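Dropping work-v6.cif in here (mmCIF, C-alpha atoms):
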data_upload
loop_
_atom_site.label_atom_id
_atom_site.label_comp_id
_atom_site.auth_asym_id
_atom_site.auth_seq_id
_atom_site.Cartn_x
_atom_site.Cartn_y
_atom_site.Cartn_z
CA GLN I 3 -85.88 55.57 -3.32
CA LEU I 4 -82.16 55.88 -2.57
CA ALA I 5 -81.25 54.67 -6.05
CA HIS I 6 -83.56 57.31 -7.54
CA ASN I 7 -82.02 60.05 -5.37
CA LEU I 8 -78.51 58.93 -6.31
CA ASN I 9 -79.42 59.10 -9.98
CA LEU I 10 -80.74 62.63 -9.51
CA PHE I 11 -77.61 63.63 -7.63
CA TYR I 12 -75.38 62.18 -10.34
CA ARG I 13 -77.38 63.81 -13.12
CA ASP I 14 -77.21 67.21 -11.42
CA ASN I 15 -73.52 67.00 -10.49
CA GLN I 16 -72.08 65.12 -13.44
CA SER I 17 -72.29 68.24 -15.59
CA ARG I 18 -70.54 70.24 -12.87
CA ILE I 19 -67.67 67.77 -12.87
CA ALA I 20 -67.52 67.93 -16.66
CA ASP I 21 -67.47 71.75 -16.47
CA LEU I 22 -64.68 71.59 -13.91
CA MET I 23 -62.69 69.24 -16.14
CA GLU I 24 -63.19 71.54 -19.11
CA SER I 25 -61.99 74.53 -17.07
CA ILE I 26 -58.91 72.65 -15.93
CA SER I 27 -58.12 71.79 -19.55
CA GLU I 28 -58.57 75.37 -20.70
CA LEU I 29 -56.55 76.87 -17.86
CA ARG I 30 -53.61 74.59 -18.63
CA GLY I 31 -52.85 76.54 -21.81
CA VAL I 32 -53.20 79.88 -20.03
CA TYR I 33 -50.91 78.69 -17.24
CA LYS I 34 -48.29 77.51 -19.75
CA ARG I 35 -48.39 80.81 -21.64
CA GLU I 36 -48.06 82.84 -18.45
CA TRP I 37 -45.27 80.62 -17.15
CA LEU I 38 -43.26 81.12 -20.35
CA ALA I 39 -43.84 84.88 -20.16
CA GLU I 40 -42.32 85.00 -16.66
CA TYR I 41 -39.91 82.06 -16.47
CA THR I 42 -37.73 79.84 -18.61
CA PRO I 43 -39.09 76.46 -19.73
CA PHE I 44 -37.10 74.84 -16.93
CA ARG I 45 -39.49 72.85 -14.71
CA LEU I 46 -42.50 73.72 -16.86
CA THR I 47 -43.12 70.04 -17.56
CA MET I 48 -43.29 69.32 -13.84
CA ALA I 49 -45.66 72.21 -13.26
CA LEU I 50 -47.94 71.11 -16.09
CA SER I 51 -47.97 67.55 -14.80
CA ARG I 52 -49.89 68.88 -11.78
CA TRP I 53 -52.63 70.07 -14.16
CA GLU I 54 -52.75 66.64 -15.75
CA ALA I 55 -52.96 64.97 -12.34
CA GLU I 56 -55.85 67.23 -11.32
CA LEU I 57 -57.71 66.47 -14.53
CA GLU I 58 -57.13 62.75 -14.06
CA TYR I 59 -58.40 62.93 -10.48
CA TRP I 60 -61.73 64.43 -11.57
CA ARG I 61 -62.03 61.99 -14.47
CA ARG I 62 -61.71 59.12 -12.00
CA VAL I 63 -64.28 60.70 -9.67
CA GLN I 64 -66.68 61.05 -12.61
CA THR I 65 -66.10 57.45 -13.70
CA TRP I 66 -66.57 56.09 -10.18
CA MET I 67 -69.80 58.02 -9.75
CA ARG I 68 -71.15 56.78 -13.10
CA VAL I 69 -70.33 53.15 -12.33
CA PHE I 70 -71.63 53.35 -8.77
CA VAL I 71 -74.89 55.11 -9.59
CA GLY I 72 -75.48 52.93 -12.62
CA GLY I 73 -75.04 49.74 -10.63
CA TYR I 74 -76.64 50.58 -7.30
CA ARG I 75 -80.04 49.09 -6.52
CA ASP I 76 -82.33 49.94 -3.61
CA GLY I 77 -81.79 47.62 -0.69
CA GLU I 78 -78.12 47.01 -1.43
CA ALA I 79 -75.47 48.02 1.06
CA LEU I 80 -73.67 51.21 0.14
CA PRO I 81 -69.95 50.77 -0.52
CA PRO I 82 -67.57 52.28 2.01
CA VAL I 83 -66.55 55.88 1.36
CA THR I 84 -62.96 54.66 1.23
CA ASP I 85 -63.83 52.88 -2.05
CA ALA I 86 -64.63 56.23 -3.66
CA ILE I 87 -61.52 57.85 -2.26
CA ARG I 88 -59.34 54.96 -3.42
CA ALA I 89 -60.93 54.98 -6.88
CA ALA I 90 -60.15 58.67 -7.31
CA LYS I 91 -56.47 58.33 -6.40
#

Please express the file's structure as structure tokens.
Amino acid sequence: QLAHNLNLFYRDNQSRIADLMESISELRGVYKREWLAEYTPFRLTMALSRWEAELEYWRRVQTWMRVFVGGYRDGEALPPVTDAIRAAK
């Protein structure tokens, strides 16, 4: 039953994570354009690296969820929450 519920949770939330990742990607270009309209290119690379880090974080969360949900079977012990946190870092 837990495995089934986890699969439902993943199915319902995986698309939300994908939408979030898509939004982050799209906003990066807007942010860059607005930055250049207000500031010089100085430190733009550092600012944009934060966007890349955020995108990478959510990609890792998505990957961890897919691997976990795909491999979990009813009756198995759940992994510690710290595993998910560590995987997303």

Selection result for the PyMOL selection byres ((chain I and resi 26-30) around 10) on this file, as number ranges by chain = I: 20-25, 31-36, 49-54, 56-57, 60

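Straight-line separation from CA of Thr42 in chain I to CA of Ala55 in chain I: 22.2 Å.
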
Specify as a list in words each residue included when the PyMOL selection byres ((chain I and resi 11-16) around 8) is applied to this file.
-> Asn7, Leu8, Asn9, Leu10, Ser17, Arg18, Ile19, Ala20, Gln64, Met67, Arg68 and Val71 of chain I

Edge lengths and centre in Å to one decimal, as AutoDock Vina command-line options, is what I'm after for the box along x, y and z that holds all listed atoms of range 16-34 of chain I once 6 Å is added on each side.
--center_x -60.3 --center_y 72.5 --center_z -17.3 --size_x 36.0 --size_y 26.8 --size_z 20.9

So, counting all atoms listed in the file, which residue among I:Ala5, I:Leu46, I:Ala89, I:Leu38 is closest to Gly72 in chain I?
->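 Closest to Gly72 in chain I, using all atoms listed in the file: I:Ala5.
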
For each of I:Met48, I:Trp66, I:Arg61, I:Pro43, take the minimum atom-to-atom distance to Val83 in chain I, counting only C-alpha atoms, then give the residue where this is smallest.
->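 Of I:Met48, I:Trp66, I:Arg61, I:Pro43, the one nearest Val83 in chain I is I:Trp66, counting only C-alpha atoms.
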
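The interatomic distance for the pair CA of Arg88 in chain I and CA of His6 in chain I works out to 24.7 Å.
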
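Using all atoms listed in the file for every distance, the candidate list I:Phe44, I:Arg62, I:Ala39, I:Tyr74 yields I:Arg62 as the residue closest to Ala86 in chain I.
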
To one decimal in Å, tell me the separation between CA of Trp37 in chain I and CA of Lys91 in chain I.
->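 Computed distance, CA of Trp37 in chain I to CA of Lys91 in chain I, equals 27.2 Å.
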
Would you fill the gaps in range 63-74 of chain I so it has all heavy atoms, then print it as a compact mmCIF listing (two decimals), in the coordinates of the input?
# COMPACT_ATOMS: atom_id res chain seq x y z
N VAL I 63 -63.09 60.44 -10.50
CA VAL I 63 -64.28 60.70 -9.67
C VAL I 63 -65.53 60.53 -10.53
O VAL I 63 -66.50 59.88 -10.13
CB VAL I 63 -64.24 62.10 -9.03
CG1 VAL I 63 -65.58 62.48 -8.43
CG2 VAL I 63 -63.14 62.17 -7.97
N GLN I 64 -65.53 61.13 -11.70
CA GLN I 64 -66.68 61.05 -12.61
C GLN I 64 -66.97 59.60 -13.00
O GLN I 64 -68.13 59.16 -12.97
CB GLN I 64 -66.40 61.89 -13.85
CG GLN I 64 -67.55 61.94 -14.82
CD GLN I 64 -67.18 62.75 -16.05
OE1 GLN I 64 -66.10 62.58 -16.61
NE2 GLN I 64 -68.08 63.64 -16.45
N THR I 65 -65.93 58.85 -13.32
CA THR I 65 -66.10 57.45 -13.70
C THR I 65 -66.65 56.63 -12.54
O THR I 65 -67.57 55.83 -12.70
CB THR I 65 -64.78 56.85 -14.19
OG1 THR I 65 -64.35 57.58 -15.34
CG2 THR I 65 -64.92 55.38 -14.55
N TRP I 66 -66.09 56.83 -11.35
CA TRP I 66 -66.57 56.09 -10.18
C TRP I 66 -68.03 56.38 -9.91
O TRP I 66 -68.83 55.47 -9.66
CB TRP I 66 -65.73 56.42 -8.94
CG TRP I 66 -66.14 55.58 -7.77
CD1 TRP I 66 -65.66 54.34 -7.46
CD2 TRP I 66 -67.13 55.88 -6.78
NE1 TRP I 66 -66.29 53.86 -6.33
CE2 TRP I 66 -67.20 54.80 -5.90
CE3 TRP I 66 -67.97 56.98 -6.56
CZ2 TRP I 66 -68.06 54.77 -4.81
CZ3 TRP I 66 -68.83 56.94 -5.48
CH2 TRP I 66 -68.86 55.85 -4.62
N MET I 67 -68.40 57.66 -9.99
CA MET I 67 -69.80 58.02 -9.75
C MET I 67 -70.72 57.36 -10.77
O MET I 67 -71.77 56.84 -10.42
CB MET I 67 -69.98 59.54 -9.79
CG MET I 67 -69.45 60.25 -8.57
SD MET I 67 -69.66 62.04 -8.66
CE MET I 67 -71.44 62.17 -8.70
N ARG I 68 -70.32 57.37 -12.05
CA ARG I 68 -71.15 56.78 -13.10
C ARG I 68 -71.34 55.28 -12.87
O ARG I 68 -72.45 54.77 -12.94
CB ARG I 68 -70.53 57.04 -14.47
CG ARG I 68 -71.36 56.47 -15.60
CD ARG I 68 -70.84 56.80 -16.99
NE ARG I 68 -69.48 57.25 -17.09
CZ ARG I 68 -68.41 56.46 -17.27
NH1 ARG I 68 -68.53 55.17 -17.36
NH2 ARG I 68 -67.20 56.96 -17.36
N VAL I 69 -70.25 54.61 -12.56
CA VAL I 69 -70.33 53.15 -12.33
C VAL I 69 -71.15 52.85 -11.09
O VAL I 69 -72.02 51.97 -11.10
CB VAL I 69 -68.90 52.56 -12.23
CG1 VAL I 69 -68.94 51.13 -11.73
CG2 VAL I 69 -68.20 52.65 -13.57
N PHE I 70 -70.90 53.59 -10.02
CA PHE I 70 -71.63 53.35 -8.77
C PHE I 70 -73.12 53.60 -8.94
O PHE I 70 -73.95 52.75 -8.61
CB PHE I 70 -71.07 54.22 -7.65
CG PHE I 70 -71.94 54.20 -6.42
CD1 PHE I 70 -72.05 53.05 -5.66
CD2 PHE I 70 -72.67 55.31 -6.06
CE1 PHE I 70 -72.86 53.02 -4.54
CE2 PHE I 70 -73.48 55.30 -4.94
CZ PHE I 70 -73.57 54.14 -4.18
N VAL I 71 -73.47 54.76 -9.46
CA VAL I 71 -74.89 55.11 -9.59
C VAL I 71 -75.58 54.18 -10.58
O VAL I 71 -76.72 53.76 -10.36
CB VAL I 71 -75.04 56.59 -10.01
CG1 VAL I 71 -76.47 56.91 -10.39
CG2 VAL I 71 -74.58 57.49 -8.88
N GLY I 72 -74.88 53.82 -11.64
CA GLY I 72 -75.48 52.93 -12.62
C GLY I 72 -75.72 51.52 -12.11
O GLY I 72 -76.61 50.81 -12.59
N GLY I 73 -74.93 51.10 -11.12
CA GLY I 73 -75.04 49.74 -10.63
C GLY I 73 -75.75 49.58 -9.30
O GLY I 73 -76.08 48.47 -8.89
N TYR I 74 -76.02 50.68 -8.62
CA TYR I 74 -76.64 50.58 -7.30
C TYR I 74 -78.13 50.31 -7.42
O TYR I 74 -78.83 50.88 -8.24
CB TYR I 74 -76.43 51.88 -6.49
CG TYR I 74 -77.09 51.80 -5.14
CD1 TYR I 74 -76.48 51.10 -4.11
CD2 TYR I 74 -78.33 52.38 -4.92
CE1 TYR I 74 -77.10 51.00 -2.88
CE2 TYR I 74 -78.95 52.28 -3.68
CZ TYR I 74 -78.33 51.58 -2.67
OH TYR I 74 -78.95 51.47 -1.45
